[in-house]
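J.: Below you'll find input_3.txt; it's compact mmCIF, C-alpha atoms and all ligand atoms.
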# COMPACT_ATOMS: atom_id res chain seq x y z
CA MET A 953 6.29 141.62 104.44
CA THR A 954 4.41 141.07 101.21
CA LEU A 955 5.96 140.62 97.83
CA ARG A 956 5.75 143.71 95.73
CA PRO A 957 4.90 143.15 92.06
CA MET A 958 7.66 141.44 90.15
CA PRO A 959 10.09 143.95 88.69
CA ALA A 960 10.04 144.12 84.92
CA ALA A 961 13.69 143.08 84.94
CA ALA A 962 12.82 139.53 85.93
CA PRO A 963 11.89 137.75 82.75
CA ARG A 964 11.90 134.25 84.23
CA VAL A 965 8.56 132.82 85.09
CA GLY A 966 7.42 130.17 87.46
CA ALA A 967 8.83 129.39 90.86
CA THR A 968 12.43 130.17 89.98
CA GLY A 969 11.42 133.51 88.53
CA ILE A 970 9.50 134.46 91.65
CA ILE A 971 12.38 133.55 93.90
CA ALA A 972 14.88 135.37 91.67
CA ALA A 973 12.65 138.43 91.74
CA LEU A 974 12.47 138.33 95.53
CA LEU A 975 16.25 138.20 95.80
CA GLU A 976 16.77 141.04 93.35
CA GLN A 977 14.07 143.19 94.87
CA ARG A 978 15.57 142.80 98.34
CA THR A 979 19.28 142.99 97.56
CA GLY A 980 19.87 144.01 93.94
CA GLN A 981 21.49 140.60 93.38
CA GLN A 982 20.45 138.72 90.29
CA LEU A 983 20.37 134.99 90.72
CA ALA A 984 23.81 133.88 89.56
CA PRO A 985 23.65 131.47 86.64
CA ASN A 986 25.48 128.83 88.67
CA ARG A 987 22.89 129.18 91.40
CA SER A 988 19.65 128.87 89.52
CA TRP A 989 20.23 125.25 88.64
CA ARG A 990 21.21 124.53 92.22
CA LEU A 991 18.27 126.37 93.67
CA ASP A 992 16.71 123.14 94.85
CA ALA A 993 19.81 122.09 96.73
CA THR A 994 20.37 125.57 98.16
CA LEU A 995 16.85 125.88 99.52
CA LYS A 996 16.35 122.27 100.61
CA PRO A 997 17.48 122.82 104.23
CA LEU A 998 15.09 125.74 104.49
CA LEU A 999 12.20 123.71 103.09
CA ARG A 1000 12.87 121.00 105.64
CA GLU A 1001 13.18 123.47 108.49
CA ARG A 1002 9.88 125.11 107.58
CA GLY A 1003 8.05 121.86 106.90
CA LEU A 1004 7.41 122.71 103.26
CA ALA A 1005 7.04 119.79 100.85
CA ASP A 1006 8.60 121.34 97.77
CA PHE A 1007 9.48 124.39 95.83
CA ASP A 1008 5.95 125.18 94.74
CA GLU A 1009 4.77 125.07 98.31
CA LEU A 1010 7.55 127.49 99.22
CA VAL A 1011 6.46 129.91 96.53
CA GLY A 1012 2.86 129.53 97.65
CA ALA A 1013 3.86 130.39 101.19
CA LEU A 1014 5.87 133.37 99.97
CA LEU A 1015 2.98 134.71 97.93
CA GLY A 1016 0.55 134.07 100.77
CA ALA A 1017 2.90 136.07 103.00
CA ARG A 1018 1.74 134.20 106.06
CA ASP A 1019 5.18 134.23 107.60
CA PRO A 1020 7.17 137.40 107.03
CA SER A 1021 10.41 135.77 108.19
CA LEU A 1022 10.20 133.25 105.35
CA ALA A 1023 11.16 135.74 102.64
CA ASP A 1024 14.09 136.92 104.76
CA ALA A 1025 15.26 133.35 105.21
CA VAL A 1026 15.04 132.66 101.47
CA VAL A 1027 17.09 135.75 100.70
CA GLU A 1028 19.70 134.81 103.31
CA ALA A 1029 19.99 131.34 101.86
CA LEU A 1030 20.51 132.65 98.35
CA LEU A 1031 23.14 135.30 99.04
CA ASN A 1032 26.61 134.30 97.97
CA GLN A 1033 28.74 134.95 101.04
CA GLU A 1034 31.93 133.39 99.84
CA THR A 1035 34.97 135.08 101.28
CA SER A 1036 38.29 134.28 102.87
CA PHE A 1037 41.02 135.82 104.95
CA PHE A 1038 43.51 137.85 102.91
CA ARG A 1039 41.53 137.36 99.73
CA ASP A 1040 43.73 138.86 96.99
CA ALA A 1041 46.32 139.58 99.67
CA GLY A 1042 48.31 141.95 97.44
CA VAL A 1043 45.28 144.21 97.15
CA LEU A 1044 44.86 144.44 100.92
CA GLU A 1045 48.56 145.16 101.35
CA GLN A 1046 48.20 147.96 98.83
CA VAL A 1047 45.23 149.32 100.81
CA VAL A 1048 47.46 149.61 103.87
CA GLU A 1049 50.22 151.21 101.82
CA ALA A 1050 47.81 153.70 100.26
CA ALA A 1051 46.40 154.52 103.69
CA ALA A 1052 49.89 155.20 105.02
CA ALA A 1053 50.52 157.59 102.14
CA MET A 1054 47.34 159.59 102.74
CA PRO A 1055 47.69 163.03 104.27
CA ASN A 1056 46.91 162.89 107.96
CA GLU A 1057 44.64 165.83 108.62
CA GLY A 1058 44.17 165.28 112.28
CA GLY A 1059 41.55 162.59 112.69
CA ARG A 1060 41.85 158.87 112.10
CA LEU A 1061 41.59 157.46 108.63
CA ARG A 1062 38.17 156.04 107.84
CA ILE A 1063 37.76 152.77 106.02
CA TRP A 1064 34.53 151.07 104.94
CA SER A 1065 34.25 147.44 103.99
CA ALA A 1066 30.91 147.31 102.12
CA GLY A 1067 29.62 143.76 101.70
CA CYS A 1068 31.92 142.40 104.39
CA SER A 1069 30.23 138.99 104.61
CA THR A 1070 31.35 137.06 107.72
CA GLY A 1071 34.12 139.52 108.55
CA GLN A 1072 37.27 138.02 107.05
CA GLU A 1073 37.91 141.12 104.92
CA PRO A 1074 37.78 143.76 107.68
CA LEU A 1075 39.62 141.42 110.07
CA SER A 1076 42.42 140.94 107.54
CA LEU A 1077 42.71 144.71 107.23
CA ALA A 1078 42.72 145.14 111.00
CA MET A 1079 45.55 142.59 111.29
CA LEU A 1080 47.60 144.36 108.62
CA PHE A 1081 47.09 147.77 110.20
CA ALA A 1082 47.85 146.47 113.69
CA GLU A 1083 51.02 144.80 112.48
CA ARG A 1084 52.13 147.95 110.72
CA GLY A 1085 51.78 149.95 113.92
CA GLY A 1086 50.75 153.58 114.20
CA ASP A 1087 47.18 154.80 114.36
CA MET A 1088 44.47 152.24 113.81
CA PRO A 1089 42.01 153.53 111.23
CA ASP A 1090 38.32 153.58 112.02
CA ILE A 1091 37.10 150.45 110.22
CA GLN A 1092 33.39 150.13 109.54
CA ALA A 1093 31.96 147.04 107.92
CA THR A 1094 28.48 146.47 106.55
CA ASP A 1095 26.48 143.73 104.90
CA VAL A 1096 22.87 143.13 103.98
CA SER A 1097 22.90 139.70 105.62
CA ASN A 1098 22.04 139.57 109.30
CA GLY A 1099 23.34 136.01 109.47
CA ALA A 1100 26.73 137.07 108.13
CA LEU A 1101 26.88 139.98 110.58
CA VAL A 1102 26.09 137.78 113.57
CA ARG A 1103 29.03 135.58 112.60
CA ALA A 1104 31.29 138.54 111.89
CA ARG A 1105 30.60 140.12 115.28
CA ALA A 1106 31.35 136.81 117.01
CA GLY A 1107 34.62 136.51 115.10
CA ARG A 1108 34.35 132.73 115.33
CA TYR A 1109 35.59 130.59 112.43
CA SER A 1110 35.82 126.91 111.64
CA GLN A 1111 39.11 125.12 111.15
CA PHE A 1112 38.48 125.12 107.40
CA GLU A 1113 37.83 128.86 107.35
CA VAL A 1114 41.03 129.74 109.21
CA GLN A 1115 42.97 127.66 106.72
CA ARG A 1116 41.83 129.79 103.79
CA GLY A 1117 44.36 132.54 103.24
CA LEU A 1118 45.38 133.02 106.85
CA PRO A 1119 49.06 132.33 107.52
CA ILE A 1120 49.66 130.12 110.56
CA ARG A 1121 51.67 132.80 112.37
CA ARG A 1122 48.76 135.19 112.15
CA LEU A 1123 46.38 132.49 113.38
CA MET A 1124 48.62 132.06 116.43
CA GLN A 1125 48.92 135.78 117.01
CA TRP A 1126 45.32 136.86 116.57
CA PHE A 1127 43.07 133.88 117.36
CA ASP A 1128 42.32 131.58 120.27
CA PRO A 1129 41.08 128.02 119.89
CA VAL A 1130 37.59 127.42 121.28
CA GLY A 1131 36.37 123.86 120.87
CA GLU A 1132 36.79 122.97 117.23
CA ASP A 1133 36.74 126.62 116.19
CA TRP A 1134 39.01 129.63 116.35
CA VAL A 1135 37.91 132.98 117.75
CA ALA A 1136 39.53 136.26 116.80
CA LYS A 1137 40.90 138.09 119.82
CA SER A 1138 38.55 140.76 121.06
CA ASP A 1139 41.10 143.53 120.66
CA LEU A 1140 41.01 142.75 116.94
CA VAL A 1141 37.24 142.29 116.55
CA ASP A 1142 36.50 145.34 118.70
CA ARG A 1143 38.35 147.56 116.26
CA ILE A 1144 35.65 146.94 113.66
CA ARG A 1145 32.21 148.50 113.78
CA TYR A 1146 29.67 146.24 112.10
CA ARG A 1147 26.30 147.35 110.96
CA ARG A 1148 23.57 146.18 108.59
CA LEU A 1149 23.36 148.16 105.39
CA ASN A 1150 21.67 147.29 102.12
CA LEU A 1151 23.63 148.89 99.30
CA ALA A 1152 20.65 148.57 96.97
CA SER A 1153 18.24 150.56 99.09
CA ASP A 1154 19.84 152.22 102.14
CA PRO A 1155 21.69 155.53 102.11
CA VAL A 1156 25.48 155.22 102.34
CA LEU A 1157 27.18 155.48 105.73
CA PRO A 1158 27.39 159.05 107.00
CA GLY A 1159 30.62 161.04 106.67
CA ARG A 1160 33.34 160.70 104.08
CA PHE A 1161 35.72 157.75 103.79
CA ASP A 1162 39.36 157.60 102.83
CA ILE A 1163 39.08 154.09 101.44
CA ILE A 1164 36.00 152.05 100.56
CA LEU A 1165 36.25 148.38 99.70
CA CYS A 1166 33.30 146.87 97.85
CA ARG A 1167 34.76 143.65 96.59
CA ASN A 1168 32.84 140.86 94.91
CA VAL A 1169 29.48 142.38 95.82
CA LEU A 1170 28.27 144.18 92.69
CA LEU A 1171 29.08 141.34 90.29
CA TYR A 1172 25.49 140.18 89.98
CA PHE A 1173 23.77 143.55 90.22
CA ASN A 1174 22.04 144.63 87.04
CA ALA A 1175 23.88 147.44 85.24
CA GLY A 1176 21.54 150.20 86.37
CA MET A 1177 21.67 149.23 90.02
CA ARG A 1178 25.44 148.78 89.89
CA ALA A 1179 25.86 152.28 88.46
CA LYS A 1180 23.61 153.67 91.17
CA VAL A 1181 25.62 152.03 93.93
CA LEU A 1182 28.95 153.11 92.44
CA ASP A 1183 27.69 156.70 92.25
CA ALA A 1184 26.55 156.53 95.86
CA LEU A 1185 29.91 155.11 96.96
CA SER A 1186 31.72 157.88 95.08
CA CYS A 1187 29.73 160.39 97.13
CA ALA A 1188 30.89 158.67 100.32
CA LEU A 1189 34.56 159.14 99.34
CA ARG A 1190 36.41 162.20 100.47
CA PRO A 1191 38.36 164.01 97.74
CA GLY A 1192 41.51 161.96 97.23
CA GLY A 1193 39.82 158.85 98.61
CA LEU A 1194 40.00 155.45 96.95
CA LEU A 1195 37.48 152.79 95.99
CA VAL A 1196 38.62 149.17 95.84
CA LEU A 1197 36.64 146.60 93.88
CA GLY A 1198 37.13 142.86 93.50
CA ALA A 1199 39.61 141.36 91.07
CA GLY A 1200 38.01 141.53 87.66
CA GLU A 1201 35.49 144.23 88.62
CA THR A 1202 35.72 147.71 87.17
CA VAL A 1203 33.96 151.08 87.17
CA ILE A 1204 34.83 151.63 83.55
CA GLY A 1205 31.69 151.91 81.49
CA GLN A 1206 29.57 151.85 84.67
CA THR A 1207 29.82 155.41 85.96
CA ASP A 1208 31.58 158.61 85.02
CA ARG A 1209 32.05 159.71 88.61
CA LEU A 1210 34.99 157.38 89.17
CA GLU A 1211 38.17 156.70 87.25
CA PRO A 1212 41.25 154.54 87.71
CA SER A 1213 43.54 156.02 90.34
CA ARG A 1214 46.75 157.39 88.90
CA ASP A 1215 48.75 156.41 91.97
CA TRP A 1216 47.36 153.04 92.99
CA ARG A 1217 47.04 150.32 90.45
CA GLY A 1218 43.61 148.73 90.34
CA PHE A 1219 42.03 151.27 92.69
CA TYR A 1220 39.54 153.97 91.70
CA ALA A 1221 39.34 157.65 92.55
CA ILE A 1222 36.74 160.38 92.09
CA ALA A 1223 36.88 161.51 88.48
CA GLU A 1224 38.15 165.01 87.75
CA PRO A 1225 35.12 167.20 87.01
CA ALA A 1226 36.84 168.41 83.86
CA ARG A 1227 36.96 164.90 82.53
CA ARG A 1228 33.47 164.14 83.60
CA THR A 1229 31.93 166.94 81.58
CA ALA A 1230 34.33 166.58 78.68
CA MET B 741 56.95 122.26 87.57
CA LYS B 742 57.26 122.43 91.36
CA SER B 743 58.00 119.30 93.28
CA CYS B 744 56.49 118.17 96.57
CA LEU B 745 57.56 115.39 98.88
CA VAL B 746 54.59 113.96 100.78
CA VAL B 747 55.69 112.44 104.07
CA ASP B 748 53.07 110.41 105.91
CA ASP B 749 52.93 106.91 107.30
CA SER B 750 49.36 106.55 106.05
CA LYS B 751 49.21 105.32 102.50
CA VAL B 752 45.66 106.66 102.19
CA ILE B 753 46.69 110.18 103.19
CA ARG B 754 49.63 110.07 100.79
CA LYS B 755 47.27 109.06 98.02
CA VAL B 756 44.79 111.83 98.77
CA ALA B 757 47.55 114.42 99.00
CA ARG B 758 49.15 113.17 95.78
CA HIS B 759 45.86 113.44 93.96
CA ILE B 760 45.32 117.04 95.10
CA LEU B 761 48.92 118.08 94.47
CA GLU B 762 49.02 116.59 90.99
CA GLY B 763 45.83 118.53 90.29
CA LEU B 764 47.78 121.64 91.31
CA SER B 765 50.52 120.66 88.82
CA PHE B 766 53.07 119.43 91.36
CA GLU B 767 55.47 116.61 90.69
CA VAL B 768 54.91 114.36 93.70
CA ARG B 769 57.18 111.94 95.56
CA GLU B 770 56.27 110.02 98.71
CA ALA B 771 58.00 108.94 101.89
CA ALA B 772 56.54 106.88 104.74
CA ASP B 773 58.63 108.30 107.60
CA GLY B 774 61.14 111.02 108.45
CA ARG B 775 64.15 108.85 107.67
CA GLU B 776 62.95 108.06 104.15
CA ALA B 777 62.10 111.73 103.71
CA LEU B 778 65.57 112.83 104.72
CA ASP B 779 67.15 110.40 102.29
CA ALA B 780 64.87 111.68 99.54
CA CYS B 781 65.83 115.28 100.32
CA LEU B 782 69.55 114.49 100.32
CA ASP B 783 69.12 112.66 97.05
CA SER B 784 67.28 115.53 95.39
CA PRO B 785 65.60 118.24 97.44
CA PRO B 786 61.98 119.03 96.52
CA ASP B 787 60.58 122.57 96.51
CA VAL B 788 58.25 121.79 99.38
CA VAL B 789 57.73 119.04 101.94
CA LEU B 790 54.27 118.18 103.25
CA LEU B 791 55.04 116.67 106.61
CA ASP B 792 53.09 114.50 109.05
CA TRP B 793 54.04 114.68 112.73
CA ASN B 794 53.69 111.21 114.23
CA MET B 795 55.47 108.56 112.20
CA PRO B 796 57.50 105.47 113.02
CA VAL B 797 61.31 105.50 112.68
CA MET B 798 61.65 109.28 112.57
CA SER B 799 58.97 111.85 113.47
CA GLY B 800 58.19 114.94 111.45
CA MET B 801 59.78 117.14 114.07
CA ASP B 802 63.02 115.12 114.10
CA PHE B 803 63.04 115.23 110.31
CA LEU B 804 62.66 119.02 110.35
CA ARG B 805 65.56 119.45 112.82
CA ALA B 806 67.74 117.08 110.81
CA LEU B 807 66.87 118.86 107.57
CA ARG B 808 68.01 122.18 109.04
CA GLU B 809 71.37 120.59 109.89
CA THR B 810 72.02 119.27 106.41
CA ALA B 811 74.13 121.09 103.84
CA ILE B 812 71.29 121.23 101.30
CA PRO B 813 71.69 124.72 99.86
CA ASP B 814 68.11 125.61 98.89
CA LYS B 815 66.19 124.10 101.74
CA PRO B 816 62.67 123.05 100.79
CA LYS B 817 59.73 124.83 102.36
CA VAL B 818 58.20 122.70 105.08
CA VAL B 819 54.45 122.54 105.62
CA PHE B 820 53.33 120.41 108.54
CA CYS B 821 50.15 118.47 107.85
CA THR B 822 48.94 116.75 110.97
CA THR B 823 46.13 115.93 113.35
CA GLU B 824 48.16 117.53 116.15
CA ASN B 825 46.04 120.67 116.17
CA GLY B 826 46.83 122.08 119.61
CA ILE B 827 48.56 125.42 119.81
CA ALA B 828 51.51 123.95 121.73
CA TYR B 829 52.27 121.74 118.74
CA ILE B 830 51.79 124.56 116.27
CA ARG B 831 54.09 126.87 118.22
CA ALA B 832 56.74 124.18 118.51
CA ALA B 833 56.60 123.59 114.75
CA ILE B 834 56.98 127.29 113.98
CA GLU B 835 59.88 127.55 116.42
CA ALA B 836 61.58 124.61 114.77
CA GLY B 837 61.37 126.44 111.45
CA ALA B 838 58.23 125.12 109.77
CA ASP B 839 56.93 127.53 107.14
CA GLU B 840 53.26 126.62 107.36
CA TYR B 841 50.92 124.28 109.19
CA VAL B 842 47.90 122.40 107.92
CA MET B 843 45.50 121.00 110.49
CA LYS B 844 43.92 117.77 109.33
CA PRO B 845 41.42 117.11 107.95
CA PHE B 846 42.32 119.13 104.90
CA ASP B 847 40.79 119.58 101.48
CA ARG B 848 42.04 120.83 98.15
CA GLU B 849 41.41 124.48 98.97
CA THR B 850 43.28 124.21 102.25
CA LEU B 851 46.37 122.74 100.61
CA GLN B 852 46.24 125.20 97.75
CA SER B 853 45.89 128.14 100.11
CA LYS B 854 48.78 127.04 102.32
CA LEU B 855 51.02 126.36 99.32
CA GLN B 856 50.18 129.82 98.00
CA ILE B 857 51.17 131.33 101.33
CA VAL B 858 54.61 129.74 101.10
CA GLY B 859 54.90 130.96 97.51
CA MET B 860 54.52 127.56 95.87
CA ALA B 861 51.17 127.66 94.11
C1 LIG C 1301 30.85 137.22 97.78
S1 LIG C 1301 30.72 138.09 99.31
C2 LIG C 1301 32.20 139.06 99.26
C3 LIG C 1301 32.75 139.34 100.64
C4 LIG C 1301 34.04 140.14 100.68
N1 LIG C 1301 33.84 141.52 100.27
C5 LIG C 1301 35.10 139.50 99.82
O1 LIG C 1301 35.44 140.03 98.76
O2 LIG C 1301 35.59 138.44 100.19
C6 LIG C 1301 29.42 139.27 98.92
C7 LIG C 1301 28.73 139.86 100.12
O3 LIG C 1301 27.92 140.95 99.70
C8 LIG C 1301 26.72 140.94 100.44
N2 LIG C 1301 25.68 141.66 99.69
C9 LIG C 1301 24.98 141.22 98.64
N3 LIG C 1301 24.08 142.15 98.26
C10 LIG C 1301 24.22 143.20 99.09
C11 LIG C 1301 23.56 144.45 99.24
N4 LIG C 1301 22.56 144.81 98.43
N5 LIG C 1301 23.96 145.27 100.23
C12 LIG C 1301 24.97 144.91 101.06
N6 LIG C 1301 25.62 143.74 100.99
C13 LIG C 1301 25.24 142.89 100.02
C14 LIG C 1301 26.42 139.47 100.64
O4 LIG C 1301 25.56 139.25 101.74
C15 LIG C 1301 27.82 138.89 100.83
O5 LIG C 1301 28.14 138.83 102.20
Can the structure from this file be put into structure tokens for me?
Ligand SMILES: C[S@@+](CC[C@H](N)C(=O)[O-])C[C@H]1O[C@@H](n2cnc3c(N)ncnc32)[C@H](O)[C@@H]1O

T.:
Amino acid sequence: MTLRPMPAAAPRVGATGIIAALLEQRTGQQLAPNRSWRLDATLKPLLRERGLADFDELVGALLGARDPSLADAVVEALLNQETSFFRDAGVLEQVVEAAAAMPNEGGRLRIWSAGCSTGQEPLSLAMLFAERGGDMPDIQATDVSNGALVRARAGRYSQFEVQRGLPIRRLMQWFDPVGEDWVAKSDLVDRIRYRRLNLASDPVLPGRFDIILCRNVLLYFNAGMRAKVLDALSCALRPGGLLVLGAGETVIGQTDRLEPSRDWRGFYAIAEPARRTA
Amino acid sequence: MKSCLVVDDSKVIRKVARHILEGLSFEVREAADGREALDACLDSPPDVVLLDWNMPVMSGMDFLRALRETAIPDKPKVVFCTTENGIAYIRAAIEAGADEYVMKPFDRETLQSKLQIVGMA
């Protein structure tokens, strides 16, 4: 894969600018301010692995496009995949509550975790739904990162990861120890359908969803791209469906297709057409 | 300000835990074994006890059982913090009434997360 010309939105020049442009072009993510000064440290393992002496050599190799997998590896290394089990636990509990209150028109509820990282978010939801009993919703989970998806599908987490947000009783109930790690039981992992999807460039998942979570993903998108993704997500919601963003993220001022839900605090619903044209 | 009693026979671990807990705005006391911990709880019960398993004089498990027998009205939350990471140990701790369980080694985020789960941070 060759680098397309740098988008106009990337004002930085030099090696950092080229790498930032690559990331944004591939994923919509702008290089977070706290990342650009750590770029060296972030990419050092990759440099070593690929036998590249320094940053400039990396950029040279990228521009030369001799190894198409190099650009993929750089993008993977730069994506912020921070997540944890039961992140903002109250929000996930409200998701389950909102789901229970939705009219059941025959089929199973459909939930989409967009930007699911290594799987802690959809797994937390699956645990909550399983513990609540009743029908298990169809949970689909997507991410742009192949590395994150490989880990999510394996459902295997380090001791540190299972001690972030996951109560010990749930660890006992839903995970088995394997070596130093913990592996989510297959009847939990198998309830989630993982798939690669780039929110910045791929069409949304087919069909309409009752609830879409897109938490802590759009933070570093530029405004135009963020609006585009929010509009696309609104089209993937069924009427009455809900969009859930990360704490501190909002649709307000980003799109007129979504508005705060009147029933569920912090969640968003498709805007009334009357309001939209008003 | 919440209070935490750190119970561990290792002075180094107590120091590390104290440092993290003070950073999380806890008032910290220390005990080197279960017996000392029980005395400290009878004297003035903390909000939460961070409890090692293997200690001389009185083990964490014996402390936990004894604590449940006392007449202390608002029993502190008990978070085990131990290198005993096998599921048999964890299950036994839960059965004995532990509220949470930290598998060593731990870091600041681990402690903070577990204290949040028991409603203390
Ligand atoms: C910070 S994590 C958040 C994970 C989880 N939603 C949470 O809140 O804990 C952001 C995730 O979004 C993914 N991501 C970034 N850009 C994306 C894009 N254009 N399309 C899909 N996923 C993307 C990253 O790979 C990463 O796994």

J.: List as a PyMOL selection string the protein and nucleic acid residues lying within 8 Å of ligand LIG 1301 (chain C), with all atoms listed in the file counted.

T.: chain A and resi 978-981+1028+1031-1037+1039+1065-1073+1094-1097+1100+1148-1153+1165-1170+1198

J.: Please check which residues have atoms at most 12 Å from (65.3, 119.7, 110.5) in the file's coordinates, counting only C-alpha atoms, and write them as a CSV table (one decimal) with C-alpha atoms, in the coordinates of the input.

T.:
chain,number,residue,atom,x,y,z
B,774,GLY,CA,61.1,111.0,108.4
B,775,ARG,CA,64.2,108.8,107.7
B,777,ALA,CA,62.1,111.7,103.7
B,778,LEU,CA,65.6,112.8,104.7
B,781,CYS,CA,65.8,115.3,100.3
B,789,VAL,CA,57.7,119.0,101.9
B,791,LEU,CA,55.0,116.7,106.6
B,798,MET,CA,61.6,109.3,112.6
B,799,SER,CA,59.0,111.8,113.5
B,800,GLY,CA,58.2,114.9,111.4
B,801,MET,CA,59.8,117.1,114.1
B,802,ASP,CA,63.0,115.1,114.1
B,803,PHE,CA,63.0,115.2,110.3
B,804,LEU,CA,62.7,119.0,110.4
B,805,ARG,CA,65.6,119.4,112.8
B,806,ALA,CA,67.7,117.1,110.8
B,807,LEU,CA,66.9,118.9,107.6
B,808,ARG,CA,68.0,122.2,109.0
B,809,GLU,CA,71.4,120.6,109.9
B,810,THR,CA,72.0,119.3,106.4
B,811,ALA,CA,74.1,121.1,103.8
B,812,ILE,CA,71.3,121.2,101.3
B,815,LYS,CA,66.2,124.1,101.7
B,816,PRO,CA,62.7,123.0,100.8
B,817,LYS,CA,59.7,124.8,102.4
B,818,VAL,CA,58.2,122.7,105.1
B,833,ALA,CA,56.6,123.6,114.8
B,834,ILE,CA,57.0,127.3,114.0
B,835,GLU,CA,59.9,127.6,116.4
B,836,ALA,CA,61.6,124.6,114.8
B,837,GLY,CA,61.4,126.4,111.4
B,838,ALA,CA,58.2,125.1,109.8
B,839,ASP,CA,56.9,127.5,107.1

J.: Mind dumping a table of every chain B residue within 12 Å of chain A, with the nearest atom pair and its distance in Å to one decimal, using only C-alpha atoms, sorted by chain and rising number, as a tab-separated table?

T.:
residue	atom	partner	partner_atom	distance
B:Val819	CA	A:Ile1120	CA	10.2
B:Phe820	CA	A:Ile1120	CA	10.6
B:Cys821	CA	A:Gln1115	CA	11.7
B:Thr823	CA	A:Gln1111	CA	11.8
B:Asn825	CA	A:Glu1132	CA	9.6
B:Gly826	CA	A:Pro1129	CA	8.3
B:Ile827	CA	A:Met1124	CA	7.5
B:Ala828	CA	A:Met1124	CA	10.1
B:Tyr829	CA	A:Met1124	CA	11.2
B:Ile830	CA	A:Met1124	CA	8.1
B:Arg831	CA	A:Met1124	CA	7.7
B:Ala832	CA	A:Met1124	CA	11.5
B:Ala833	CA	A:Ile1120	CA	10.4
B:Ile834	CA	A:Arg1121	CA	7.8
B:Glu835	CA	A:Arg1121	CA	10.6
B:Gly837	CA	A:Arg1121	CA	11.6
B:Ala838	CA	A:Ile1120	CA	10.0
B:Asp839	CA	A:Ile1120	CA	8.4
B:Glu840	CA	A:Ile1120	CA	6.0
B:Tyr841	CA	A:Ile1120	CA	6.1
B:Val842	CA	A:Gln1115	CA	7.3
B:Met843	CA	A:Gln1111	CA	7.6
B:Lys844	CA	A:Gln1111	CA	9.0
B:Pro845	CA	A:Phe1112	CA	8.6
B:Phe846	CA	A:Phe1112	CA	7.5
B:Asp847	CA	A:Phe1112	CA	8.4
B:Arg848	CA	A:Arg1116	CA	10.6
B:Glu849	CA	A:Arg1116	CA	7.2
B:Thr850	CA	A:Gln1115	CA	5.7
B:Leu851	CA	A:Gln1115	CA	8.5
B:Gln852	CA	A:Arg1116	CA	8.8
B:Ser853	CA	A:Gly1117	CA	5.6
B:Lys854	CA	A:Gly1117	CA	7.1
B:Leu855	CA	A:Gly1117	CA	9.9
B:Gln856	CA	A:Gly1117	CA	8.3
B:Ile857	CA	A:Pro1119	CA	6.6
B:Val858	CA	A:Pro1119	CA	8.9
B:Gly859	CA	A:Pro1119	CA	11.7

J.: For the selection just defined, write its residues with C-alpha atoms to a file, as a PDB file, keeping the file's coordinate frame.

T.:
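Writing the result to part.pdb gives the following:
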ATOM      1  CA  VAL B 819      54.450 122.540 105.620  1.00  0.00           C
ATOM      2  CA  PHE B 820      53.330 120.410 108.540  1.00  0.00           C
ATOM      3  CA  CYS B 821      50.150 118.470 107.850  1.00  0.00           C
ATOM      4  CA  THR B 823      46.130 115.930 113.350  1.00  0.00           C
ATOM      5  CA  ASN B 825      46.040 120.670 116.170  1.00  0.00           C
ATOM      6  CA  GLY B 826      46.830 122.080 119.610  1.00  0.00           C
ATOM      7  CA  ILE B 827      48.560 125.420 119.810  1.00  0.00           C
ATOM      8  CA  ALA B 828      51.510 123.950 121.730  1.00  0.00           C
ATOM      9  CA  TYR B 829      52.270 121.740 118.740  1.00  0.00           C
ATOM     10  CA  ILE B 830      51.790 124.560 116.270  1.00  0.00           C
ATOM     11  CA  ARG B 831      54.090 126.870 118.220  1.00  0.00           C
ATOM     12  CA  ALA B 832      56.740 124.180 118.510  1.00  0.00           C
ATOM     13  CA  ALA B 833      56.600 123.590 114.750  1.00  0.00           C
ATOM     14  CA  ILE B 834      56.980 127.290 113.980  1.00  0.00           C
ATOM     15  CA  GLU B 835      59.880 127.550 116.420  1.00  0.00           C
ATOM     16  CA  GLY B 837      61.370 126.440 111.450  1.00  0.00           C
ATOM     17  CA  ALA B 838      58.230 125.120 109.770  1.00  0.00           C
ATOM     18  CA  ASP B 839      56.930 127.530 107.140  1.00  0.00           C
ATOM     19  CA  GLU B 840      53.260 126.620 107.360  1.00  0.00           C
ATOM     20  CA  TYR B 841      50.920 124.280 109.190  1.00  0.00           C
ATOM     21  CA  VAL B 842      47.900 122.400 107.920  1.00  0.00           C
ATOM     22  CA  MET B 843      45.500 121.000 110.490  1.00  0.00           C
ATOM     23  CA  LYS B 844      43.920 117.770 109.330  1.00  0.00           C
ATOM     24  CA  PRO B 845      41.420 117.110 107.950  1.00  0.00           C
ATOM     25  CA  PHE B 846      42.320 119.130 104.900  1.00  0.00           C
ATOM     26  CA  ASP B 847      40.790 119.580 101.480  1.00  0.00           C
ATOM     27  CA  ARG B 848      42.040 120.830  98.150  1.00  0.00           C
ATOM     28  CA  GLU B 849      41.410 124.480  98.970  1.00  0.00           C
ATOM     29  CA  THR B 850      43.280 124.210 102.250  1.00  0.00           C
ATOM     30  CA  LEU B 851      46.370 122.740 100.610  1.00  0.00           C
ATOM     31  CA  GLN B 852      46.240 125.200  97.750  1.00  0.00           C
ATOM     32  CA  SER B 853      45.890 128.140 100.110  1.00  0.00           C
ATOM     33  CA  LYS B 854      48.780 127.040 102.320  1.00  0.00           C
ATOM     34  CA  LEU B 855      51.020 126.360  99.320  1.00  0.00           C
ATOM     35  CA  GLN B 856      50.180 129.820  98.000  1.00  0.00           C
ATOM     36  CA  ILE B 857      51.170 131.330 101.330  1.00  0.00           C
ATOM     37  CA  VAL B 858      54.610 129.740 101.100  1.00  0.00           C
ATOM     38  CA  GLY B 859      54.900 130.960  97.510  1.00  0.00           C
TER      39      GLY B 859
END
